[in-house]
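Novice: I am attaching a structure below and will ask some questions about it afterwards.
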Amino acid sequence: MSTINPPRDPAGRFGGQGVYPAEAPAPATMFTKLQDAEPHLRTTLSTAFAHIVGLDPVPEEARVPAAVIAASPGAGKSRLARELLETFAGDKPVVFHAPTLALCEEAADHAREIGGAAHVIRGRFATDPEEPDQQMCRKPALVARGISLGLNIRESFCFNDKARCEFAGSCAWLRQFEPDRTVGHRYMATSYLGYPDSDGYDGALRVVDETFWAQQLSFVTIGIDEFRLPRTFMKHFTRRGRKEESRVKAHAELIGAAHALVDALIAGRPPLDLPYSAADYRGFARLEYSAQADISAPTPNQTETEQSQLLTCAEDALRHVSWYASVWTSLAAAKEAGRTTIERLRLIRANGRMVIRVCRKHPPDHRQPMLLLDADADPEILGALEIDLQRTTHMVLRPNAEVVQVHDRRMTHGSLLQGTNLREAWRRVIRREVLSDQVEQGGGVLVGASRKVVLKFFEDAGHAFGGLSDDEVSRFMLETPLHGARWLWFGGRSLGTNRYRDVSTVIVIGREELPVDALEDRGRALWGDRAGVDLEFVAPGEDGALRLPDREVLYEMSDGSAKAVRLPCHPDPLIRRVQRQTRELATRQLVERLRLARSETRKRVILGCNMPVPGLPVDELVSWEEFCPTRPAAALNDALLERGGMRLSDTGIVEDAPTVFPTLGAVKSYRKREGVDACAILGALSPRLRGQLHLVHLQEDRSYARLCKALVLAESGGEALCSAETIWGPLKQCFGAGADDTRSARADAVLGGHRIGTPPMSSSS
């Protein structure tokens, strides 16, 4: 394996391991030709439907049968699936799941357009389409508390055999289940996979569009002190007031086991060495759950005050009932697997106290066969969720895009959140790309990053979000252009949507990187405590920190060359699969919002970190220093976007580009060190932008104004002279630079026609 010294930036700081020639063969994806994609998808989907639709729901203990269509984002699998649904399951009850309500409505609209019948189920907290100032449920706050406790919401708040909610007659949420509104296939958010059907709808098939596995995991944190306390919610007396010694004894044994478990965890002894059997642990879990029978749930006919009081009492007990029971259940499962160590349960320090952490997975509650439409479907993850993959089809389309990637910076969350200068450098990159896009394709620029990083950019720009909910903040950031670009973040927001299909440039800043313990918790939940097999976890360093080891990861280069980079990768192959889902493939999903494979024009993709992304062959690897615009070029980009031109005098630069050069001293200092030259500035621009820039001489019509040079964005020299007066007001004189000067500036600026104004990297760089 080749090794090189980590590069440094001009200030001498390490920039991270850069690209190097790889000894391993270069990866080469087998891309499906675009013209073959739809016929191939139609055939495989037809085969999958014919197989899945003929299956019956399976019993509770069986694995759910499924077929997977793992085709590239934008391949058209969801659209074709809806078309074929009418052929293979037109009269059968079918549930179609999508990540968000908006995507459900979009899918249902398409189903109706092709002649099908579709019905969208909106969540209780969604906006009522008939009364936009109301939510679907008229008791949203109380219902939210009930959901968090795991109550049966319909029986506790809506109606049951004995009572009915005061709003039942006008409830928008209940109204959507009326017979005349439930015609056709049902469309609902993926989150509904975790809940029983609200009206007993017995679907024959579930189609799940995009990934859903992460929502099937949950994590419980319990303080060791509270876990050892007596269960005050357990009753020792019968309803007639007679004390039952068996209850007292069982309670005492439970608390004794809790103390023994905590003591073992603190001492570092294996909890499974305790003198309890799997049956004992199952008994403790049942005892914890038995407290539910003694806790009254709200009823629909109660007042909101009465319901709130009952919820308050329940919140003190029910949450602990479920959490405490999960401890005993995980111990029982590990015992039954014949293990001597337990992986799903551990002792950690959180927020200054010692807590028990339990990692859980929840296989699907619904037993109907499933068709999974997920470009990133992972068979090991789905198998861990008790899904029986009976058919799997893979198809990858070549993106019609120029992919430029920074190879020597990781752009970690910490560096982006804490680095004001780094975010400013990215702002300058964004402005350059926005300007270039305006004079070239004109489809607009999309910027993607983690949500926290996106929020930081908005706060840098002066936006204040105090008093707003997370949903309101998200909606604002999604709908508000910043620095001339639209913004998006990793995760559910970047799944499935066609909202950005016409955008011509996408910039991805950094990557989604789960903390090591969070990454391993997902692995523990999925695969922990298997019989005879252990997961491999990262050992803490001398300072107690968890650091992933660096591994060689190969780039897929469009020219077929073999290049690699050192990247933090989890050593366990299964947990590495989770990392790949949440890191590499999250970036690809965001990039694919531009629907690259089906684009008629070649789009531009900028990957702002050194992480290779599967399915995105790289055209050019550049260093961060090379990629960033120079300070004068950044000033020019700002000035052209805001005003259409920039004067090259000291005062002119400050007035036209105050963000980059806020003071005269800043300009003078830079000019003394580096110089501010029109030819050098032009050299940092794209060829097409240079072709629309004109160098003019002008003198403003004011006292003591001097003749100075300026760069003006215009279609012609004559238009540039007219624009100059529009931009800077009355002028005493304004004339072109002359043919010789113009030729000289253009010749110096060409630099071989390179796209970003930096020399292309050699294969050995």
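Residue numbers start at 1 in each chain; chains themselves are named A, B, ... in the order of the structure tokens; ligands are numbered from 1 in the order shown.
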Find the residues around Gly146 of chain A up to 10 Å (only C-alpha atoms counted), leave out those fewer than 6 positions away in its own chain, and share them as a list in words.

Specialist: Pro140, Asn152, Ile153, Ser156, Phe157, Ala297, Pro298, Gln307, Ser308, Leu311, Ala314 and Glu315 of chain A

Novice: Just write the chosen residues, N, CA and C atoms, as a PDB file, in the first residue's frame.

Specialist:
ATOM      1  N   PRO A 140     -54.083  17.577  19.405  1.00  0.00           N
ATOM      2  CA  PRO A 140     -52.738  17.119  19.014  1.00  0.00           C
ATOM      3  C   PRO A 140     -51.763  16.977  20.176  1.00  0.00           C
ATOM      4  N   ASN A 152     -53.188   2.946  22.970  1.00  0.00           N
ATOM      5  CA  ASN A 152     -54.056   2.760  21.819  1.00  0.00           C
ATOM      6  C   ASN A 152     -54.820   4.067  21.633  1.00  0.00           C
ATOM      7  N   ILE A 153     -54.393   4.869  20.691  1.00  0.00           N
ATOM      8  CA  ILE A 153     -54.928   6.226  20.554  1.00  0.00           C
ATOM      9  C   ILE A 153     -56.399   6.209  20.169  1.00  0.00           C
ATOM     10  N   SER A 156     -58.370   5.356  23.317  1.00  0.00           N
ATOM     11  CA  SER A 156     -58.196   6.287  24.436  1.00  0.00           C
ATOM     12  C   SER A 156     -58.702   7.687  24.119  1.00  0.00           C
ATOM     13  N   PHE A 157     -58.665   8.085  22.839  1.00  0.00           N
ATOM     14  CA  PHE A 157     -58.997   9.471  22.504  1.00  0.00           C
ATOM     15  C   PHE A 157     -60.101   9.610  21.455  1.00  0.00           C
ATOM     16  N   ALA A 297     -55.996   4.375  31.670  1.00  0.00           N
ATOM     17  CA  ALA A 297     -55.760   5.127  30.440  1.00  0.00           C
ATOM     18  C   ALA A 297     -56.908   6.110  30.238  1.00  0.00           C
ATOM     19  N   PRO A 298     -56.687   7.190  29.509  1.00  0.00           N
ATOM     20  CA  PRO A 298     -57.778   8.134  29.232  1.00  0.00           C
ATOM     21  C   PRO A 298     -58.885   7.460  28.428  1.00  0.00           C
ATOM     22  N   GLN A 307     -58.066  14.053  30.941  1.00  0.00           N
ATOM     23  CA  GLN A 307     -57.138  13.247  30.145  1.00  0.00           C
ATOM     24  C   GLN A 307     -55.689  13.625  30.440  1.00  0.00           C
ATOM     25  N   SER A 308     -55.440  14.911  30.584  1.00  0.00           N
ATOM     26  CA  SER A 308     -54.078  15.366  30.870  1.00  0.00           C
ATOM     27  C   SER A 308     -53.602  14.858  32.224  1.00  0.00           C
ATOM     28  N   LEU A 311     -52.718  11.229  31.899  1.00  0.00           N
ATOM     29  CA  LEU A 311     -51.461  11.083  31.159  1.00  0.00           C
ATOM     30  C   LEU A 311     -50.266  11.392  32.048  1.00  0.00           C
ATOM     31  N   ALA A 314     -49.684   8.404  34.118  1.00  0.00           N
ATOM     32  CA  ALA A 314     -49.157   7.312  33.299  1.00  0.00           C
ATOM     33  C   ALA A 314     -47.713   7.563  32.895  1.00  0.00           C
ATOM     34  N   GLU A 315     -47.380   8.821  32.625  1.00  0.00           N
ATOM     35  CA  GLU A 315     -46.010   9.141  32.197  1.00  0.00           C
ATOM     36  C   GLU A 315     -44.991   8.804  33.274  1.00  0.00           C
TER      37      GLU A 315
END

Novice: Could you tell me, as a VMD selection string, which residues of segment 124-269 of chain A DSSP assigns to helix (DSSP H, G or I) when given the backbone?

Specialist: chain A and resid 140 to 148 153 to 158 168 to 170 172 to 175 179 to 181 190 to 194 213 to 216 224 to 228 245 to 267

Novice: If you run DSSP on the backbone here, which positions in segment 118-348 of chain A get strand (DSSP E)? Please write them as JSON, numbers by chain.

Specialist: {"A": [118, 119, 120, 127, 128, 131, 132, 133, 134, 135, 185, 186, 187, 188, 189, 205, 206, 207, 208, 209, 217, 218, 219, 220, 221, 222, 223, 345, 346, 347, 348]}

Novice: Those same residues - N, CA and C atoms - I'd like them written as a PDB file, in the first residue's frame.

Specialist:
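Dumped to part36.pdb:
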ATOM      1  N   ALA A 118     -56.693   6.165  -5.667  1.00  0.00           N
ATOM      2  CA  ALA A 118     -55.699   6.288  -4.595  1.00  0.00           C
ATOM      3  C   ALA A 118     -56.268   7.113  -3.465  1.00  0.00           C
ATOM      4  N   HIS A 119     -55.877   6.748  -2.268  1.00  0.00           N
ATOM      5  CA  HIS A 119     -56.354   7.426  -1.060  1.00  0.00           C
ATOM      6  C   HIS A 119     -55.165   7.692  -0.152  1.00  0.00           C
ATOM      7  N   VAL A 120     -54.927   8.947   0.203  1.00  0.00           N
ATOM      8  CA  VAL A 120     -53.797   9.330   1.050  1.00  0.00           C
ATOM      9  C   VAL A 120     -54.256   9.395   2.502  1.00  0.00           C
ATOM     10  N   THR A 127     -51.421  18.965   8.528  1.00  0.00           N
ATOM     11  CA  THR A 127     -52.377  20.048   8.314  1.00  0.00           C
ATOM     12  C   THR A 127     -53.654  19.506   7.680  1.00  0.00           C
ATOM     13  N   ASP A 128     -54.779  19.969   8.172  1.00  0.00           N
ATOM     14  CA  ASP A 128     -56.065  19.594   7.598  1.00  0.00           C
ATOM     15  C   ASP A 128     -56.220  20.325   6.264  1.00  0.00           C
ATOM     16  N   GLU A 131     -59.114  22.733   6.314  1.00  0.00           N
ATOM     17  CA  GLU A 131     -58.955  23.857   7.243  1.00  0.00           C
ATOM     18  C   GLU A 131     -57.467  24.023   7.532  1.00  0.00           C
ATOM     19  N   PRO A 132     -56.735  24.723   6.679  1.00  0.00           N
ATOM     20  CA  PRO A 132     -55.267  24.786   6.774  1.00  0.00           C
ATOM     21  C   PRO A 132     -54.730  25.318   8.096  1.00  0.00           C
ATOM     22  N   ASP A 133     -55.565  26.010   8.871  1.00  0.00           N
ATOM     23  CA  ASP A 133     -55.091  26.514  10.156  1.00  0.00           C
ATOM     24  C   ASP A 133     -55.274  25.486  11.275  1.00  0.00           C
ATOM     25  N   GLN A 134     -55.762  24.299  10.937  1.00  0.00           N
ATOM     26  CA  GLN A 134     -55.997  23.249  11.929  1.00  0.00           C
ATOM     27  C   GLN A 134     -55.181  22.006  11.572  1.00  0.00           C
ATOM     28  N   GLN A 135     -54.911  21.186  12.601  1.00  0.00           N
ATOM     29  CA  GLN A 135     -54.306  19.887  12.361  1.00  0.00           C
ATOM     30  C   GLN A 135     -55.401  18.838  12.211  1.00  0.00           C
ATOM     31  N   HIS A 185     -56.131   2.135  -3.731  1.00  0.00           N
ATOM     32  CA  HIS A 185     -54.937   1.808  -2.961  1.00  0.00           C
ATOM     33  C   HIS A 185     -54.642   2.915  -1.960  1.00  0.00           C
ATOM     34  N   ARG A 186     -54.041   2.537  -0.869  1.00  0.00           N
ATOM     35  CA  ARG A 186     -53.808   3.469   0.239  1.00  0.00           C
ATOM     36  C   ARG A 186     -52.356   3.938   0.226  1.00  0.00           C
ATOM     37  N   TYR A 187     -52.152   5.243   0.348  1.00  0.00           N
ATOM     38  CA  TYR A 187     -50.816   5.842   0.368  1.00  0.00           C
ATOM     39  C   TYR A 187     -50.593   6.501   1.724  1.00  0.00           C
ATOM     40  N   MET A 188     -49.493   6.139   2.379  1.00  0.00           N
ATOM     41  CA  MET A 188     -49.217   6.706   3.696  1.00  0.00           C
ATOM     42  C   MET A 188     -47.713   6.743   3.947  1.00  0.00           C
ATOM     43  N   ALA A 189     -47.314   7.559   4.914  1.00  0.00           N
ATOM     44  CA  ALA A 189     -45.897   7.732   5.225  1.00  0.00           C
ATOM     45  C   ALA A 189     -45.297   6.434   5.749  1.00  0.00           C
ATOM     46  N   LEU A 205     -50.735  -6.421   0.179  1.00  0.00           N
ATOM     47  CA  LEU A 205     -49.353  -6.140  -0.217  1.00  0.00           C
ATOM     48  C   LEU A 205     -48.964  -4.765   0.293  1.00  0.00           C
ATOM     49  N   ARG A 206     -47.699  -4.636   0.704  1.00  0.00           N
ATOM     50  CA  ARG A 206     -47.153  -3.333   1.069  1.00  0.00           C
ATOM     51  C   ARG A 206     -45.981  -3.024   0.144  1.00  0.00           C
ATOM     52  N   VAL A 207     -46.063  -1.879  -0.510  1.00  0.00           N
ATOM     53  CA  VAL A 207     -44.963  -1.376  -1.331  1.00  0.00           C
ATOM     54  C   VAL A 207     -44.279  -0.279  -0.530  1.00  0.00           C
ATOM     55  N   VAL A 208     -42.993  -0.438  -0.263  1.00  0.00           N
ATOM     56  CA  VAL A 208     -42.250   0.530   0.548  1.00  0.00           C
ATOM     57  C   VAL A 208     -41.224   1.213  -0.342  1.00  0.00           C
ATOM     58  N   ASP A 209     -41.419   2.499  -0.564  1.00  0.00           N
ATOM     59  CA  ASP A 209     -40.536   3.286  -1.422  1.00  0.00           C
ATOM     60  C   ASP A 209     -39.469   3.951  -0.554  1.00  0.00           C
ATOM     61  N   LEU A 217     -35.355   0.737  14.678  1.00  0.00           N
ATOM     62  CA  LEU A 217     -34.437   0.610  15.806  1.00  0.00           C
ATOM     63  C   LEU A 217     -34.814   1.616  16.883  1.00  0.00           C
ATOM     64  N   SER A 218     -34.579   1.268  18.140  1.00  0.00           N
ATOM     65  CA  SER A 218     -34.812   2.211  19.237  1.00  0.00           C
ATOM     66  C   SER A 218     -33.759   1.991  20.310  1.00  0.00           C
ATOM     67  N   PHE A 219     -33.547   3.034  21.112  1.00  0.00           N
ATOM     68  CA  PHE A 219     -32.475   3.010  22.104  1.00  0.00           C
ATOM     69  C   PHE A 219     -33.006   3.584  23.414  1.00  0.00           C
ATOM     70  N   VAL A 220     -32.739   2.872  24.489  1.00  0.00           N
ATOM     71  CA  VAL A 220     -33.245   3.232  25.811  1.00  0.00           C
ATOM     72  C   VAL A 220     -32.071   3.551  26.722  1.00  0.00           C
ATOM     73  N   THR A 221     -32.179   4.646  27.464  1.00  0.00           N
ATOM     74  CA  THR A 221     -31.152   5.035  28.431  1.00  0.00           C
ATOM     75  C   THR A 221     -31.799   5.148  29.806  1.00  0.00           C
ATOM     76  N   ILE A 222     -31.302   4.375  30.775  1.00  0.00           N
ATOM     77  CA  ILE A 222     -31.898   4.309  32.114  1.00  0.00           C
ATOM     78  C   ILE A 222     -30.823   4.597  33.157  1.00  0.00           C
ATOM     79  N   GLY A 223     -31.061   5.551  34.017  1.00  0.00           N
ATOM     80  CA  GLY A 223     -30.127   5.832  35.098  1.00  0.00           C
ATOM     81  C   GLY A 223     -30.028   4.652  36.056  1.00  0.00           C
ATOM     82  N   LEU A 345     -26.780  -4.561  25.628  1.00  0.00           N
ATOM     83  CA  LEU A 345     -26.921  -3.853  26.900  1.00  0.00           C
ATOM     84  C   LEU A 345     -25.528  -3.518  27.417  1.00  0.00           C
ATOM     85  N   ARG A 346     -25.326  -2.268  27.842  1.00  0.00           N
ATOM     86  CA  ARG A 346     -24.016  -1.879  28.370  1.00  0.00           C
ATOM     87  C   ARG A 346     -24.180  -0.702  29.316  1.00  0.00           C
ATOM     88  N   LEU A 347     -23.127  -0.459  30.087  1.00  0.00           N
ATOM     89  CA  LEU A 347     -23.095   0.660  31.026  1.00  0.00           C
ATOM     90  C   LEU A 347     -22.249   1.767  30.416  1.00  0.00           C
ATOM     91  N   ILE A 348     -22.797   2.981  30.338  1.00  0.00           N
ATOM     92  CA  ILE A 348     -22.058   4.110  29.778  1.00  0.00           C
ATOM     93  C   ILE A 348     -22.254   5.326  30.672  1.00  0.00           C
TER      94      ILE A 348
END

Novice: Considering only C-alpha atoms, return as a ChimeraX atom specification whatever protein or nucleic-acid residues lie within 7 Å of Ala564 of chain A, sequence-local ones (same chain, fewer than 4 positions apart) excluded.

Specialist: /A:19-22,552-555

Novice: Which residue is closest to Val396 of chain A? Choose from A:Gly718, A:Gly615, A:Pro658, A:Gly683 and count only C-alpha atoms.

Specialist: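 Looking only at the distances to Val396 of chain A, the closest residue turns out to be A:Gly615.
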
Novice: Here is a test: counting only C-alpha atoms, which residue of A:Thr182, A:Thr305, A:Asn160, A:Thr726 is nearest to Gly644 of chain A?

Specialist: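 So, comparing all the options, the nearest one is A:Thr726.
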
Novice: Mind checking which residues fall within 7 Å of segment 451-462 of chain A, counting only C-alpha atoms, ignoring those fewer than 4 positions away in the same chain, and posting them as a PyMOL selection string?

Specialist: chain A and resi 416-417+489
